[in-house]
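Please read the structure below before turning to the comments.
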Amino acid sequence: MRHLSILLVGLVCTLPAAAVDLTVDGEAACIILIAEDAPEIVRFPARELQHYLQAISGAEIAIRPESERPIGINRIYVGDTSAARAMGIDVDALEPEAIVIRTMGDDLFILGGDRIGPGDRDDAMSVNNQVGTLYAVYDFLQDQLGVRWLWPGETGTVIPDMPTITIGDLDIHEVPQLKQRKLRTGTRTSMIESIEQSAGPMNREMASRMAAEENSWMRHMRMGRSLFINYGHAFTRWYEEYHEEHPEYFALYDGTRTTRNPERVKMCVAQPALWDAVVARWKTAWEQNPVAYKTLNACENDGGGFCECELCTAWDVPDYVNETPEGPEVILSDRYAKFWNEVATRVREVDPEAQVAVYAYSRYRFPPKETQLEPNIIVGFVPGVSYPNTGESSEAFQEDWMAWHRQAEKLFLRPNWLGSLHSVPRAPLDRMAEDFRFAADNGMIGTDFDSLSGQWLIQGPVYYVLARLHWDTTVSAEQLLDEYYSAFGAAAPTVREYFEYWNDYARDETPKWSELSYELGYRNYGRGAVRIIPYIYTEQAFAPAKDLLMEARRAVADEPEIVQKRVNQLLQALRHAELTSEAIAATERINAGTTEDLAADVAIIKQMHDYRMAIGRDGVINPYWAIMRDTKFGDYAGYKLLQDIGDRKAVTLLPRDWRFRFDPDEVGEDEEWFKLRGSADGWGTMRTDMYWEDQALGRQWAEDHDGRGYDGLGWYRTTFTLEPQYQGKKLVLFFGSVDEDAKIWLNGELVADHPMEGDDGWKRPFTIEISDHVRFGETNNLAVMVRDSSGGGGIYKRVWAMEE
């Protein structure tokens, strides 16, 4: 909600303004004036105003120091100026990020509450700076002149055509209700580095340009903050620093206080030594900079593995449970509330005004049942609601929000609503805006959305509505949707119907998503969301949507070129969604060994990859986010697959399931297991796309050996056939990855001894030439002995026969 002031303090003069001309018939009728010593956070808004006034009218409007104030021309004063103060505007009293837009006589004043953030620089694009003047410029352009920023880039910017710009009487003073308005960028350097490990080198220059355009769009939508809170998963580095000296700090899980994933280790939150360590660590930083460290970050790490010790479980409410597909789980909110309270009490003793920031998340996202929070705790609520939904999920969100609101004096929304939006259309228009406004009406002080996935032309209305609501929580979603669709000219009704089709489709299909994820072996929908795309987004689902967009294209045939381009970009985004679904299906066929035409499926995958980057260059989608979603929990869209294949020609994919046997006594080589044919006593089945410790035989071994995973020798055997047409070619066996050392026999002959090379050799592919050992047109018997000394062990990425 925007708070409107009645009058500005110290108003000396309020000259009524008649209509004020800024431009007339494409010629300047005004000048922009700024203080001689204006900082960049004022100079930049002045340049932005100049740019957009020229784009709207064609007029070239000058920017001058106010000391050069001309006579006989209308004036726009931008930022803190002597003229604004002389007119009674108390600039020093303006709230951070407040905006003032006022006409006095023939003068227009546009300014705001500007502050350089703690330790920051004079930069209007820095989110740590409060740039009220910039927001006032954008608010003026949007609400008074009709400029719209629907998505980053030229096609997403709506510029009215007005050679003559005339404004009436204005007297606006607004302060944003939300003191933090944050949509996390979907193009981060760390993300690019991560996807390069799976998908190969990325175009860093293109990624940087996209990130700059995203940040510019978010600034236009007035993302920013005047509230500074230290929060985020707080203990990601604690294990490396403390696990040897203080193992008691860490969760007792599955009988041990050790972990394989230090960044996600859970804490033993009922341990008094941990409370003291957390506060002592914060106090050291607070003593050096009490302003920057006014908040202690006590947000638990991400992931599972919660502490099972007697101290922690004694803090739980045993009959307070949440039903999950795996059965009831005890809700841990009271446990964490008591931990937060212990920390908050100690922090208040150091600084009575200091606060503690926490997440209400995962198994502790529900409000505590028996524990009241200390007043100096700030809660970031991470809701479990997803969109679109049929109502029950939103009702639960609102109930949980109100319960936390009653507990916490300061509550901010920290959802993952946008992060799951992939390249396929969901357009979850139902209820999201309603739930956002509900939170804003009930104590929400800020937001932090993870993340802006940047699928602009496939999820566009969602981004636009949410971003606009951050600045103005009272505006109706319907008004914002009207603004969005109007950018498509005569096709606006059809484009509305197109997005509503996908909203209705996604809502109706929602019940299937979780069920499919579990059927495919994923414990939660987030991990299975990409894999199920081909099952939900079928050719039959795409057909009506394509018809609507073709109708939209015909409707804009006589519209300006930029309107036609917007409709064409909708079609490009929809085509990308189709290709994404096809590529995921092709990758699944290849990995499952069910492909009927290996070369054709590889071509499908490559076509999608190429198309994704091509339309990404034009800003239709953020290709890097899409790649991240495709590779985060598995190689769902074939990126690693094609990178591994390289210039080789895939001949055949060997079976996924091989015969397998552990060899703890290391007798297999002496007993010549590599010469065995067919089934044999003591041999089971092992997949070659998973570690052996994660499969049934590995789990059984651990169960029989006090929970210890198997380290030692393991033997794999399979068969394959190659057609005579490959005779005379250079043929290799391509191993996706083996943990750790491997010896390979083909038809009873040792063809390779491949020890792990380097610390990361266990995760790199390698090839073994078999040209002189393979039998064409006959069954070939392949045996692989793997030695593992730690970790999951075994062949865990598929094996191919390839031509080099």
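Identifiers in the structure tokens: chain A, B, ... in order shown; residue index from 1 per chain; ligand index from 1 in order shown.
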
Contacts of Asp107 in chain A within 9 Å, only C-alpha atoms, excl. fewer than 6 positions in-chain, as an MDAnalysis selection string:
chainID A and resid 17 20 74:77

12 Å contact set for Arg209 in chain A, only C-alpha atoms, chain neighbours under 4 positions out, as a ChimeraX atom specification:
/A:152-153,187-189,203-205,213-216,616-619,622

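For the set A:Leu94, A:Ile229, A:Leu33, A:Ala702, the residue with the smallest atom-to-atom gap to Pro65 in chain A is A:Leu33, counting only C-alpha atoms.
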
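Closest approach to Tyr624 in chain A among A:Leu227, A:Leu676, A:Met202, A:Cys30: A:Met202, based on only C-alpha atoms.
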
Select from range 618-735 of chain A everything DSSP, run on the backbone, classes as helix (DSSP H, G or I), then give the selection as a ChimeraX atom specification.
/A:623-631,639-645,673-675,692-694,696-704,724-726

Residues of range 72-207 of chain A classed as strand (DSSP E or B) by DSSP on the backbone are to be reported as a ChimeraX atom specification.
/A:74-78,99-104,107-112,114-115,130-131,148-149,157-158,165-167,171-176,180-181,183

Could those selected residues go to a file with N, CA, C and O atoms, as a short mmCIF file (atom, residue, chain, number, x, y, z; two decimals), in the first residue's frame?
data_model
loop_
_atom_site.label_atom_id
_atom_site.label_comp_id
_atom_site.auth_asym_id
_atom_site.auth_seq_id
_atom_site.Cartn_x
_atom_site.Cartn_y
_atom_site.Cartn_z
N ASN A 74 9.01 26.46 -18.97
CA ASN A 74 8.62 25.65 -17.81
C ASN A 74 9.82 24.85 -17.31
O ASN A 74 10.71 24.48 -18.08
N ARG A 75 9.82 24.59 -16.01
CA ARG A 75 11.01 23.97 -15.40
C ARG A 75 10.61 22.71 -14.64
O ARG A 75 9.58 22.68 -13.95
N ILE A 76 11.45 21.68 -14.78
CA ILE A 76 11.31 20.45 -13.98
C ILE A 76 12.52 20.38 -13.06
O ILE A 76 13.66 20.23 -13.52
N TYR A 77 12.28 20.49 -11.78
CA TYR A 77 13.35 20.39 -10.80
C TYR A 77 13.45 18.93 -10.33
O TYR A 77 12.46 18.37 -9.83
N VAL A 78 14.60 18.33 -10.49
CA VAL A 78 14.80 16.94 -10.13
C VAL A 78 15.74 16.85 -8.93
O VAL A 78 16.85 17.41 -8.97
N ILE A 99 8.63 9.43 -2.28
CA ILE A 99 8.61 10.17 -3.53
C ILE A 99 7.71 11.40 -3.38
O ILE A 99 6.71 11.37 -2.67
N VAL A 100 8.11 12.49 -4.05
CA VAL A 100 7.32 13.71 -4.11
C VAL A 100 7.23 14.13 -5.57
O VAL A 100 8.26 14.26 -6.25
N ILE A 101 6.01 14.34 -6.05
CA ILE A 101 5.77 14.85 -7.41
C ILE A 101 4.76 15.99 -7.25
O ILE A 101 3.62 15.76 -6.86
N ARG A 102 5.19 17.22 -7.53
CA ARG A 102 4.33 18.37 -7.23
C ARG A 102 4.50 19.45 -8.29
O ARG A 102 5.61 19.74 -8.73
N THR A 103 3.37 20.00 -8.70
CA THR A 103 3.40 21.17 -9.57
C THR A 103 3.14 22.41 -8.73
O THR A 103 2.29 22.42 -7.83
N MET A 104 3.92 23.46 -9.01
CA MET A 104 3.75 24.76 -8.36
C MET A 104 3.91 25.82 -9.43
O MET A 104 5.01 26.01 -9.97
N ASP A 107 6.06 25.19 -12.62
CA ASP A 107 7.20 24.34 -12.30
C ASP A 107 6.72 22.97 -11.81
O ASP A 107 5.68 22.85 -11.15
N LEU A 108 7.50 21.97 -12.15
CA LEU A 108 7.24 20.59 -11.70
C LEU A 108 8.43 20.15 -10.86
O LEU A 108 9.58 20.26 -11.28
N PHE A 109 8.15 19.65 -9.68
CA PHE A 109 9.19 19.16 -8.78
C PHE A 109 9.07 17.64 -8.67
O PHE A 109 8.00 17.10 -8.35
N ILE A 110 10.17 16.95 -8.95
CA ILE A 110 10.22 15.49 -8.84
C ILE A 110 11.44 15.16 -7.97
O ILE A 110 12.58 15.42 -8.36
N LEU A 111 11.19 14.62 -6.79
CA LEU A 111 12.29 14.33 -5.87
C LEU A 111 11.87 13.25 -4.90
O LEU A 111 10.72 12.80 -4.91
N GLY A 112 12.81 12.84 -4.05
CA GLY A 112 12.48 11.78 -3.10
C GLY A 112 13.49 11.67 -1.99
O GLY A 112 14.47 12.42 -1.92
N ASP A 114 16.46 10.32 -0.67
CA ASP A 114 17.69 9.71 -1.19
C ASP A 114 18.68 9.50 -0.05
O ASP A 114 18.90 10.41 0.77
N ARG A 115 19.28 8.31 0.00
CA ARG A 115 20.31 8.01 0.99
C ARG A 115 21.35 7.10 0.34
O ARG A 115 21.00 6.20 -0.43
N GLN A 130 19.00 4.16 -1.06
CA GLN A 130 17.60 4.55 -1.17
C GLN A 130 17.51 5.68 -2.20
O GLN A 130 18.06 6.77 -1.99
N VAL A 131 16.83 5.41 -3.30
CA VAL A 131 16.84 6.32 -4.45
C VAL A 131 15.43 6.83 -4.71
O VAL A 131 14.81 6.55 -5.75
N ARG A 148 5.36 1.86 -19.66
CA ARG A 148 5.28 0.55 -19.01
C ARG A 148 6.57 -0.23 -19.27
O ARG A 148 7.12 -0.19 -20.37
N TRP A 149 7.02 -0.95 -18.23
CA TRP A 149 8.17 -1.83 -18.36
C TRP A 149 7.68 -3.25 -18.08
O TRP A 149 7.64 -3.71 -16.94
N THR A 157 9.28 -2.65 -23.32
CA THR A 157 9.06 -1.28 -22.89
C THR A 157 7.99 -0.63 -23.76
O THR A 157 8.13 -0.58 -24.98
N VAL A 158 6.94 -0.16 -23.14
CA VAL A 158 5.84 0.50 -23.85
C VAL A 158 6.03 2.01 -23.74
O VAL A 158 6.01 2.56 -22.64
N ILE A 165 3.17 16.88 -24.57
CA ILE A 165 3.00 16.34 -23.22
C ILE A 165 2.55 17.47 -22.32
O ILE A 165 3.27 18.46 -22.12
N THR A 166 1.35 17.33 -21.79
CA THR A 166 0.79 18.33 -20.89
C THR A 166 0.35 17.65 -19.61
O THR A 166 -0.29 16.59 -19.65
N ILE A 167 0.72 18.23 -18.48
CA ILE A 167 0.32 17.65 -17.20
C ILE A 167 -0.55 18.65 -16.44
O ILE A 167 -0.45 19.85 -16.63
N ASP A 171 0.06 16.69 -6.78
CA ASP A 171 0.54 16.85 -5.40
C ASP A 171 0.61 15.47 -4.77
O ASP A 171 -0.34 15.00 -4.14
N ILE A 172 1.72 14.80 -5.00
CA ILE A 172 1.88 13.40 -4.59
C ILE A 172 3.03 13.28 -3.61
O ILE A 172 4.13 13.77 -3.86
N HIS A 173 2.75 12.63 -2.49
CA HIS A 173 3.80 12.26 -1.54
C HIS A 173 3.50 10.84 -1.09
O HIS A 173 2.51 10.61 -0.41
N GLU A 174 4.35 9.92 -1.48
CA GLU A 174 4.10 8.51 -1.19
C GLU A 174 5.34 7.87 -0.59
O GLU A 174 6.47 8.23 -0.93
N VAL A 175 5.09 6.91 0.29
CA VAL A 175 6.16 6.14 0.92
C VAL A 175 5.83 4.66 0.72
O VAL A 175 4.71 4.23 1.03
N PRO A 176 6.76 3.87 0.19
CA PRO A 176 6.44 2.45 -0.01
C PRO A 176 6.21 1.74 1.31
O PRO A 176 6.98 1.90 2.26
N GLN A 180 11.48 -3.65 2.20
CA GLN A 180 12.38 -4.40 1.32
C GLN A 180 11.53 -5.03 0.23
O GLN A 180 10.59 -5.75 0.52
N ARG A 181 11.89 -4.74 -1.01
CA ARG A 181 11.17 -5.27 -2.17
C ARG A 181 12.22 -5.96 -3.04
O ARG A 181 13.01 -5.30 -3.71
N LEU A 183 13.24 -9.13 -5.74
CA LEU A 183 13.16 -10.29 -6.63
C LEU A 183 14.61 -10.65 -6.96
O LEU A 183 15.31 -9.86 -7.61
#

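Within the 7 Å cut-off around range 712-727 of chain A, using only C-alpha atoms and omitting residues fewer than 3 positions from it on the same chain, the listed residues are Leu654, Trp658, Arg659, Phe660, Arg661, Phe662, Asp663, Pro664, Glu666, Phe776, Gly777, Glu778, Thr779, Asn780, Asn781, Leu782, Ala783, Val784, Met785, Val786, Arg787, Asp788 and Ser789 of chain A.
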
Based on the selection just made, write C-alpha atoms of those residues as a PDB file, in the first residue's frame.
ATOM      1  CA  LEU A 654      24.715 -50.073 -23.337  1.00  0.00           C
ATOM      2  CA  TRP A 658      24.109 -54.911 -15.407  1.00  0.00           C
ATOM      3  CA  ARG A 659      24.866 -58.056 -13.462  1.00  0.00           C
ATOM      4  CA  PHE A 660      26.749 -57.124 -10.293  1.00  0.00           C
ATOM      5  CA  ARG A 661      28.622 -58.592  -7.326  1.00  0.00           C
ATOM      6  CA  PHE A 662      30.625 -57.135  -4.447  1.00  0.00           C
ATOM      7  CA  ASP A 663      34.111 -58.635  -4.061  1.00  0.00           C
ATOM      8  CA  PRO A 664      35.207 -57.810  -0.490  1.00  0.00           C
ATOM      9  CA  GLU A 666      39.232 -59.538  -3.843  1.00  0.00           C
ATOM     10  CA  PHE A 776      30.785 -57.580 -35.051  1.00  0.00           C
ATOM     11  CA  GLY A 777      27.402 -59.188 -35.466  1.00  0.00           C
ATOM     12  CA  GLU A 778      27.977 -61.292 -32.352  1.00  0.00           C
ATOM     13  CA  THR A 779      27.360 -60.952 -28.624  1.00  0.00           C
ATOM     14  CA  ASN A 780      30.178 -59.147 -26.846  1.00  0.00           C
ATOM     15  CA  ASN A 781      30.769 -59.829 -23.162  1.00  0.00           C
ATOM     16  CA  LEU A 782      31.926 -56.835 -21.136  1.00  0.00           C
ATOM     17  CA  ALA A 783      33.195 -56.977 -17.541  1.00  0.00           C
ATOM     18  CA  VAL A 784      34.295 -54.019 -15.403  1.00  0.00           C
ATOM     19  CA  MET A 785      35.971 -54.252 -12.006  1.00  0.00           C
ATOM     20  CA  VAL A 786      35.649 -51.039  -9.960  1.00  0.00           C
ATOM     21  CA  ARG A 787      37.646 -50.217  -6.853  1.00  0.00           C
ATOM     22  CA  ASP A 788      36.168 -47.574  -4.538  1.00  0.00           C
ATOM     23  CA  SER A 789      37.774 -46.241  -1.356  1.00  0.00           C
TER      24      SER A 789
END
